[in-house]
>>> print(open('upload.txt').read())   # compact mmCIF, N, CA and C atoms
# COMPACT_ATOMS: atom_id res chain seq x y z
N MET T 6 97.72 114.86 103.19
CA MET T 6 97.86 113.87 104.24
C MET T 6 96.60 113.01 104.28
N THR T 7 96.78 111.73 104.50
CA THR T 7 95.69 110.79 104.56
C THR T 7 94.95 110.93 105.89
N THR T 8 93.64 110.77 105.84
CA THR T 8 92.81 110.87 107.03
C THR T 8 93.09 109.71 107.97
N ARG T 9 93.17 110.02 109.26
CA ARG T 9 93.40 109.01 110.28
C ARG T 9 92.20 108.08 110.35
N PRO T 10 92.44 106.76 110.33
CA PRO T 10 91.32 105.82 110.41
C PRO T 10 90.67 105.86 111.80
N ARG T 11 89.42 105.46 111.85
CA ARG T 11 88.67 105.44 113.10
C ARG T 11 89.28 104.42 114.07
N LYS T 12 89.88 103.37 113.55
CA LYS T 12 90.52 102.33 114.36
C LYS T 12 92.00 102.28 113.99
N PRO T 13 92.85 103.03 114.73
CA PRO T 13 94.25 103.17 114.35
C PRO T 13 95.21 102.06 114.82
N TRP T 14 94.68 100.98 115.36
CA TRP T 14 95.51 99.83 115.75
C TRP T 14 95.09 98.62 114.95
N ARG T 15 96.05 97.92 114.35
CA ARG T 15 95.76 96.75 113.53
C ARG T 15 96.56 95.56 114.05
N VAL T 16 95.88 94.42 114.14
CA VAL T 16 96.53 93.16 114.53
C VAL T 16 96.42 92.21 113.35
N ILE T 17 97.55 91.63 112.97
CA ILE T 17 97.59 90.66 111.89
C ILE T 17 98.02 89.34 112.50
N LEU T 18 97.09 88.38 112.53
CA LEU T 18 97.35 87.06 113.11
C LEU T 18 97.78 86.11 112.00
N THR T 19 98.83 85.32 112.28
CA THR T 19 99.29 84.34 111.31
C THR T 19 99.61 83.03 112.00
N GLY T 20 99.61 81.98 111.23
CA GLY T 20 99.93 80.63 111.69
C GLY T 20 99.94 79.73 110.48
N PRO T 21 100.08 78.42 110.69
CA PRO T 21 100.14 77.50 109.56
C PRO T 21 98.94 77.62 108.61
N ASP T 22 97.75 77.72 109.14
CA ASP T 22 96.55 77.84 108.31
C ASP T 22 95.74 79.08 108.66
N VAL T 23 96.42 80.13 109.13
CA VAL T 23 95.73 81.33 109.61
C VAL T 23 96.34 82.58 109.00
N HIS T 24 95.49 83.46 108.53
CA HIS T 24 95.87 84.84 108.21
C HIS T 24 94.61 85.68 108.41
N ALA T 25 94.63 86.52 109.44
CA ALA T 25 93.47 87.35 109.75
C ALA T 25 93.94 88.72 110.20
N GLU T 26 93.16 89.74 109.85
CA GLU T 26 93.44 91.11 110.27
C GLU T 26 92.25 91.65 111.03
N SER T 27 92.55 92.47 112.05
CA SER T 27 91.49 93.07 112.83
C SER T 27 91.95 94.46 113.28
N ASP T 28 91.11 95.46 113.08
CA ASP T 28 91.43 96.82 113.48
C ASP T 28 90.75 97.15 114.81
N HIS T 29 91.39 98.01 115.61
CA HIS T 29 90.91 98.32 116.95
C HIS T 29 91.03 99.82 117.24
N THR T 30 90.19 100.28 118.18
CA THR T 30 90.18 101.70 118.53
C THR T 30 91.26 102.06 119.54
N SER T 31 91.83 101.07 120.22
CA SER T 31 92.87 101.36 121.21
C SER T 31 93.92 100.25 121.26
N GLU T 32 95.06 100.60 121.83
CA GLU T 32 96.13 99.63 122.01
C GLU T 32 95.66 98.52 122.96
N ALA T 33 94.94 98.87 124.01
CA ALA T 33 94.46 97.89 124.99
C ALA T 33 93.55 96.86 124.32
N LYS T 34 92.67 97.29 123.44
CA LYS T 34 91.76 96.36 122.75
C LYS T 34 92.53 95.46 121.79
N ALA T 35 93.55 96.00 121.16
CA ALA T 35 94.37 95.20 120.25
C ALA T 35 95.08 94.08 121.02
N TYR T 36 95.64 94.41 122.18
CA TYR T 36 96.35 93.41 122.96
C TYR T 36 95.41 92.43 123.64
N ALA T 37 94.18 92.83 123.92
CA ALA T 37 93.19 91.88 124.45
C ALA T 37 92.91 90.80 123.41
N LEU T 38 92.79 91.21 122.15
CA LEU T 38 92.60 90.22 121.07
C LEU T 38 93.81 89.29 120.97
N ILE T 39 95.00 89.84 121.07
CA ILE T 39 96.21 89.03 120.96
C ILE T 39 96.25 87.98 122.06
N ARG T 40 95.96 88.38 123.30
CA ARG T 40 95.96 87.42 124.41
C ARG T 40 94.94 86.30 124.17
N ALA T 41 93.78 86.67 123.66
CA ALA T 41 92.74 85.66 123.40
C ALA T 41 93.10 84.79 122.20
N ALA T 42 93.63 85.39 121.16
CA ALA T 42 93.89 84.66 119.91
C ALA T 42 95.12 83.76 119.98
N LEU T 43 96.12 84.13 120.76
CA LEU T 43 97.34 83.33 120.81
C LEU T 43 97.36 82.37 121.99
N GLY T 44 96.42 82.51 122.89
CA GLY T 44 96.36 81.61 124.04
C GLY T 44 95.59 80.34 123.70
N GLY T 45 95.70 79.37 124.55
CA GLY T 45 94.93 78.13 124.38
C GLY T 45 95.35 77.31 123.18
N ASP T 46 94.36 76.74 122.50
CA ASP T 46 94.61 75.84 121.37
C ASP T 46 94.47 76.51 120.02
N SER T 47 94.70 77.78 119.96
CA SER T 47 94.54 78.53 118.72
C SER T 47 95.56 78.09 117.67
N PRO T 48 95.15 78.03 116.40
CA PRO T 48 96.12 77.71 115.33
C PRO T 48 97.03 78.90 115.00
N ALA T 49 96.68 80.09 115.47
CA ALA T 49 97.54 81.26 115.25
C ALA T 49 98.75 81.17 116.17
N ASN T 50 99.92 81.57 115.66
CA ASN T 50 101.11 81.53 116.50
C ASN T 50 101.87 82.83 116.55
N THR T 51 101.47 83.81 115.73
CA THR T 51 102.15 85.10 115.70
C THR T 51 101.14 86.21 115.46
N ALA T 52 101.36 87.33 116.15
CA ALA T 52 100.54 88.52 115.93
C ALA T 52 101.47 89.70 115.65
N LYS T 53 101.24 90.36 114.55
CA LYS T 53 101.99 91.55 114.20
C LYS T 53 101.10 92.75 114.50
N VAL T 54 101.60 93.71 115.26
CA VAL T 54 100.82 94.88 115.66
C VAL T 54 101.30 96.08 114.84
N MET T 55 100.33 96.77 114.25
CA MET T 55 100.61 97.96 113.45
C MET T 55 99.85 99.14 114.05
N GLN T 56 100.41 100.34 113.93
CA GLN T 56 99.74 101.54 114.41
C GLN T 56 99.73 102.59 113.31
N TRP T 57 98.59 103.25 113.14
CA TRP T 57 98.46 104.30 112.15
C TRP T 57 99.02 105.59 112.74
N GLU T 58 99.99 106.18 112.07
CA GLU T 58 100.54 107.45 112.53
C GLU T 58 101.22 108.14 111.36
N GLY T 59 101.05 109.44 111.29
CA GLY T 59 101.71 110.21 110.25
C GLY T 59 101.27 109.87 108.84
N GLY T 60 100.02 109.39 108.70
CA GLY T 60 99.49 109.12 107.38
C GLY T 60 99.76 107.73 106.83
N ARG T 61 100.29 106.82 107.68
CA ARG T 61 100.53 105.45 107.20
C ARG T 61 100.60 104.48 108.36
N TRP T 62 100.52 103.18 108.03
CA TRP T 62 100.64 102.13 109.03
C TRP T 62 102.12 101.90 109.34
N TRP T 63 102.44 101.86 110.62
CA TRP T 63 103.80 101.63 111.09
C TRP T 63 103.85 100.34 111.87
N TYR T 64 104.94 99.60 111.72
CA TYR T 64 105.16 98.39 112.50
C TYR T 64 105.34 98.80 113.95
N PHE T 65 104.65 98.12 114.88
CA PHE T 65 104.75 98.43 116.31
C PHE T 65 105.46 97.30 117.06
N GLU T 66 104.99 96.05 116.87
CA GLU T 66 105.57 94.93 117.61
C GLU T 66 105.08 93.61 117.02
N THR T 67 105.88 92.55 117.23
CA THR T 67 105.46 91.19 116.91
C THR T 67 105.39 90.41 118.21
N VAL T 68 104.28 89.71 118.41
CA VAL T 68 104.08 88.90 119.61
C VAL T 68 103.94 87.45 119.18
N HIS T 69 104.66 86.55 119.84
CA HIS T 69 104.60 85.12 119.54
C HIS T 69 103.78 84.41 120.62
N ALA T 70 103.14 83.32 120.24
CA ALA T 70 102.27 82.58 121.16
C ALA T 70 102.99 82.16 122.44
N ASP T 71 104.27 81.81 122.35
CA ASP T 71 104.99 81.36 123.54
C ASP T 71 105.27 82.49 124.53
N GLU T 72 104.99 83.74 124.14
CA GLU T 72 105.14 84.88 125.04
C GLU T 72 103.89 85.16 125.86
N ILE T 73 102.78 84.51 125.51
CA ILE T 73 101.51 84.71 126.20
C ILE T 73 101.44 83.75 127.38
N PRO T 74 101.25 84.27 128.60
CA PRO T 74 101.16 83.36 129.75
C PRO T 74 99.96 82.42 129.62
N LYS T 75 100.17 81.18 129.99
CA LYS T 75 99.10 80.19 129.96
C LYS T 75 98.18 80.44 131.16
N GLU T 76 96.86 80.35 130.92
CA GLU T 76 95.90 80.54 131.99
C GLU T 76 95.87 79.31 132.88
N THR T 77 95.78 79.56 134.17
CA THR T 77 95.65 78.45 135.11
C THR T 77 94.25 78.43 135.67
N PRO T 78 93.64 77.24 135.77
CA PRO T 78 92.25 77.17 136.25
C PRO T 78 92.11 77.51 137.71
>>> encode(input="upload.txt", output="structure tokens")
Amino acid sequence: MTTRPRKPWRVILTGPDVHAESDHTSEAKAYALIRAALGGDSPANTAKVMQWEGGRWWYFETVHADEIPKETP
């Protein structure tokens, strides 16, 4: 069995000119990045969330920019 990574949550951000991956220690930290990265004027429009379990990365959820509430001043 493969060793569990220190950061078992992965976010993959994509958009027209964007492809970035970031690993996190918790689900809450992963979703904090998603809210920040997909909000505002970001070129990213989709975030795919993966979770490490059972020795491999598993698909968890896809979040689209239009699902993120817009901040009000």
>>> closest_residue(input="upload.txt", among="T:Ile17, T:Glu66, T:Ala42, T:Lys12", to="T:His29", atoms="all atoms listed in the file")
T:Lys12
>>> closest_residue(input="upload.txt", among="T:Gly59, T:Val54, T:Leu18, T:Ala41", to="T:Lys75", atoms="only C-alpha atoms")
T:Ala41
>>> select_by_dssp(input="upload.txt", residues="chain T", states="helix (DSSP H, G or I)", output="list in words")
Glu32, Ala33, Lys34, Ala35, Tyr36, Ala37, Leu38, Ile39, Arg40, Ala41, Ala42, Leu43, Ala70, Asp71 and Glu72 of chain T
>>> residues_around(input="upload.txt", residues="T:Trp63", least_positions_apart="2", cutoff="12 Å", atoms="only C-alpha atoms", output="ChimeraX atom specification")
/T:13-16,53-61,65-66
>>> write_last_selection(input="upload.txt", atoms="N, CA and C atoms", output="mmCIF file, in the frame of the given file")
data_model
loop_
_atom_site.group_PDB
_atom_site.id
_atom_site.type_symbol
_atom_site.label_atom_id
_atom_site.label_comp_id
_atom_site.auth_asym_id
_atom_site.auth_seq_id
_atom_site.Cartn_x
_atom_site.Cartn_y
_atom_site.Cartn_z
ATOM 1 N N PRO T 13 92.850 103.030 114.730
ATOM 2 C CA PRO T 13 94.250 103.170 114.350
ATOM 3 C C PRO T 13 95.210 102.060 114.820
ATOM 4 N N TRP T 14 94.680 100.980 115.360
ATOM 5 C CA TRP T 14 95.510 99.830 115.750
ATOM 6 C C TRP T 14 95.090 98.620 114.950
ATOM 7 N N ARG T 15 96.050 97.920 114.350
ATOM 8 C CA ARG T 15 95.760 96.750 113.530
ATOM 9 C C ARG T 15 96.560 95.560 114.050
ATOM 10 N N VAL T 16 95.880 94.420 114.140
ATOM 11 C CA VAL T 16 96.530 93.160 114.530
ATOM 12 C C VAL T 16 96.420 92.210 113.350
ATOM 13 N N LYS T 53 101.240 90.360 114.550
ATOM 14 C CA LYS T 53 101.990 91.550 114.200
ATOM 15 C C LYS T 53 101.100 92.750 114.500
ATOM 16 N N VAL T 54 101.600 93.710 115.260
ATOM 17 C CA VAL T 54 100.820 94.880 115.660
ATOM 18 C C VAL T 54 101.300 96.080 114.840
ATOM 19 N N MET T 55 100.330 96.770 114.250
ATOM 20 C CA MET T 55 100.610 97.960 113.450
ATOM 21 C C MET T 55 99.850 99.140 114.050
ATOM 22 N N GLN T 56 100.410 100.340 113.930
ATOM 23 C CA GLN T 56 99.740 101.540 114.410
ATOM 24 C C GLN T 56 99.730 102.590 113.310
ATOM 25 N N TRP T 57 98.590 103.250 113.140
ATOM 26 C CA TRP T 57 98.460 104.300 112.150
ATOM 27 C C TRP T 57 99.020 105.590 112.740
ATOM 28 N N GLU T 58 99.990 106.180 112.070
ATOM 29 C CA GLU T 58 100.540 107.450 112.530
ATOM 30 C C GLU T 58 101.220 108.140 111.360
ATOM 31 N N GLY T 59 101.050 109.440 111.290
ATOM 32 C CA GLY T 59 101.710 110.210 110.250
ATOM 33 C C GLY T 59 101.270 109.870 108.840
ATOM 34 N N GLY T 60 100.020 109.390 108.700
ATOM 35 C CA GLY T 60 99.490 109.120 107.380
ATOM 36 C C GLY T 60 99.760 107.730 106.830
ATOM 37 N N ARG T 61 100.290 106.820 107.680
ATOM 38 C CA ARG T 61 100.530 105.450 107.200
ATOM 39 C C ARG T 61 100.600 104.480 108.360
ATOM 40 N N PHE T 65 104.650 98.120 114.880
ATOM 41 C CA PHE T 65 104.750 98.430 116.310
ATOM 42 C C PHE T 65 105.460 97.300 117.060
ATOM 43 N N GLU T 66 104.990 96.050 116.870
ATOM 44 C CA GLU T 66 105.570 94.930 117.610
ATOM 45 C C GLU T 66 105.080 93.610 117.020
#
>>> select_by_dssp(input="upload.txt", residues="chain T", states="strand (DSSP E)", output="VMD selection string")
chain T and resid 14 to 20 23 to 29 51 to 58 61 to 69
>>> atom_distance(input="upload.txt", atom1="atom CA of T:Glu72", atom2="atom CA of T:Arg11")
28.9 Å
>>> atom_distance(input="upload.txt", atom1="atom C of T:Pro10", atom2="atom C of T:His69")
26.6 Å
>>> atom_distance(input="upload.txt", atom1="atom N of T:Gly44", atom2="atom C of T:Ala25")
14.3 Å
>>> residues_near_point(input="upload.txt", point="(101.5, 85.5, 117.7)", cutoff="5 Å", atoms="only N, CA and C atoms", output="ChimeraX atom specification")
/T:50-52,68-70
>>> build_atoms(input="upload.txt", residues="stretch 21-37 of chain T", atoms="N, CA, C and O atoms", output="PDB file, in the frame of the given file")
ATOM      1  N   PRO T  21     100.080  78.420 110.690  1.00  0.00           N
ATOM      2  CA  PRO T  21     100.140  77.500 109.560  1.00  0.00           C
ATOM      3  C   PRO T  21      98.940  77.620 108.610  1.00  0.00           C
ATOM      4  O   PRO T  21      99.117  77.612 107.405  1.00  0.00           O
ATOM      5  N   ASP T  22      97.750  77.720 109.140  1.00  0.00           N
ATOM      6  CA  ASP T  22      96.550  77.840 108.310  1.00  0.00           C
ATOM      7  C   ASP T  22      95.740  79.080 108.660  1.00  0.00           C
ATOM      8  O   ASP T  22      94.520  79.087 108.507  1.00  0.00           O
ATOM      9  N   VAL T  23      96.420  80.130 109.130  1.00  0.00           N
ATOM     10  CA  VAL T  23      95.730  81.330 109.610  1.00  0.00           C
ATOM     11  C   VAL T  23      96.340  82.580 109.000  1.00  0.00           C
ATOM     12  O   VAL T  23      97.556  82.729 108.958  1.00  0.00           O
ATOM     13  N   HIS T  24      95.490  83.460 108.530  1.00  0.00           N
ATOM     14  CA  HIS T  24      95.870  84.840 108.210  1.00  0.00           C
ATOM     15  C   HIS T  24      94.610  85.680 108.410  1.00  0.00           C
ATOM     16  O   HIS T  24      93.643  85.545 107.665  1.00  0.00           O
ATOM     17  N   ALA T  25      94.630  86.520 109.440  1.00  0.00           N
ATOM     18  CA  ALA T  25      93.470  87.350 109.750  1.00  0.00           C
ATOM     19  C   ALA T  25      93.940  88.720 110.200  1.00  0.00           C
ATOM     20  O   ALA T  25      95.001  88.853 110.822  1.00  0.00           O
ATOM     21  N   GLU T  26      93.160  89.740 109.850  1.00  0.00           N
ATOM     22  CA  GLU T  26      93.440  91.110 110.270  1.00  0.00           C
ATOM     23  C   GLU T  26      92.250  91.650 111.030  1.00  0.00           C
ATOM     24  O   GLU T  26      91.108  91.347 110.696  1.00  0.00           O
ATOM     25  N   SER T  27      92.550  92.470 112.050  1.00  0.00           N
ATOM     26  CA  SER T  27      91.490  93.070 112.830  1.00  0.00           C
ATOM     27  C   SER T  27      91.950  94.460 113.280  1.00  0.00           C
ATOM     28  O   SER T  27      93.054  94.608 113.795  1.00  0.00           O
ATOM     29  N   ASP T  28      91.110  95.460 113.080  1.00  0.00           N
ATOM     30  CA  ASP T  28      91.430  96.820 113.480  1.00  0.00           C
ATOM     31  C   ASP T  28      90.750  97.150 114.810  1.00  0.00           C
ATOM     32  O   ASP T  28      89.649  96.648 115.096  1.00  0.00           O
ATOM     33  N   HIS T  29      91.390  98.010 115.610  1.00  0.00           N
ATOM     34  CA  HIS T  29      90.910  98.320 116.950  1.00  0.00           C
ATOM     35  C   HIS T  29      91.030  99.820 117.240  1.00  0.00           C
ATOM     36  O   HIS T  29      91.879 100.495 116.678  1.00  0.00           O
ATOM     37  N   THR T  30      90.190 100.280 118.180  1.00  0.00           N
ATOM     38  CA  THR T  30      90.180 101.700 118.530  1.00  0.00           C
ATOM     39  C   THR T  30      91.260 102.060 119.540  1.00  0.00           C
ATOM     40  O   THR T  30      91.576 103.232 119.691  1.00  0.00           O
ATOM     41  N   SER T  31      91.830 101.070 120.220  1.00  0.00           N
ATOM     42  CA  SER T  31      92.870 101.360 121.210  1.00  0.00           C
ATOM     43  C   SER T  31      93.920 100.250 121.260  1.00  0.00           C
ATOM     44  O   SER T  31      93.672  99.122 120.841  1.00  0.00           O
ATOM     45  N   GLU T  32      95.060 100.600 121.830  1.00  0.00           N
ATOM     46  CA  GLU T  32      96.130  99.630 122.010  1.00  0.00           C
ATOM     47  C   GLU T  32      95.660  98.520 122.960  1.00  0.00           C
ATOM     48  O   GLU T  32      95.941  97.333 122.731  1.00  0.00           O
ATOM     49  N   ALA T  33      94.940  98.870 124.010  1.00  0.00           N
ATOM     50  CA  ALA T  33      94.460  97.890 124.990  1.00  0.00           C
ATOM     51  C   ALA T  33      93.550  96.860 124.320  1.00  0.00           C
ATOM     52  O   ALA T  33      93.650  95.653 124.602  1.00  0.00           O
ATOM     53  N   LYS T  34      92.670  97.290 123.440  1.00  0.00           N
ATOM     54  CA  LYS T  34      91.760  96.360 122.750  1.00  0.00           C
ATOM     55  C   LYS T  34      92.530  95.460 121.790  1.00  0.00           C
ATOM     56  O   LYS T  34      92.216  94.281 121.635  1.00  0.00           O
ATOM     57  N   ALA T  35      93.550  96.000 121.160  1.00  0.00           N
ATOM     58  CA  ALA T  35      94.370  95.200 120.250  1.00  0.00           C
ATOM     59  C   ALA T  35      95.080  94.080 121.020  1.00  0.00           C
ATOM     60  O   ALA T  35      95.092  92.919 120.598  1.00  0.00           O
ATOM     61  N   TYR T  36      95.640  94.410 122.180  1.00  0.00           N
ATOM     62  CA  TYR T  36      96.350  93.410 122.960  1.00  0.00           C
ATOM     63  C   TYR T  36      95.410  92.430 123.640  1.00  0.00           C
ATOM     64  O   TYR T  36      95.789  91.277 123.881  1.00  0.00           O
ATOM     65  N   ALA T  37      94.180  92.830 123.920  1.00  0.00           N
ATOM     66  CA  ALA T  37      93.190  91.880 124.450  1.00  0.00           C
ATOM     67  C   ALA T  37      92.910  90.800 123.410  1.00  0.00           C
ATOM     68  O   ALA T  37      92.809  89.608 123.737  1.00  0.00           O
TER      69      ALA T  37
END
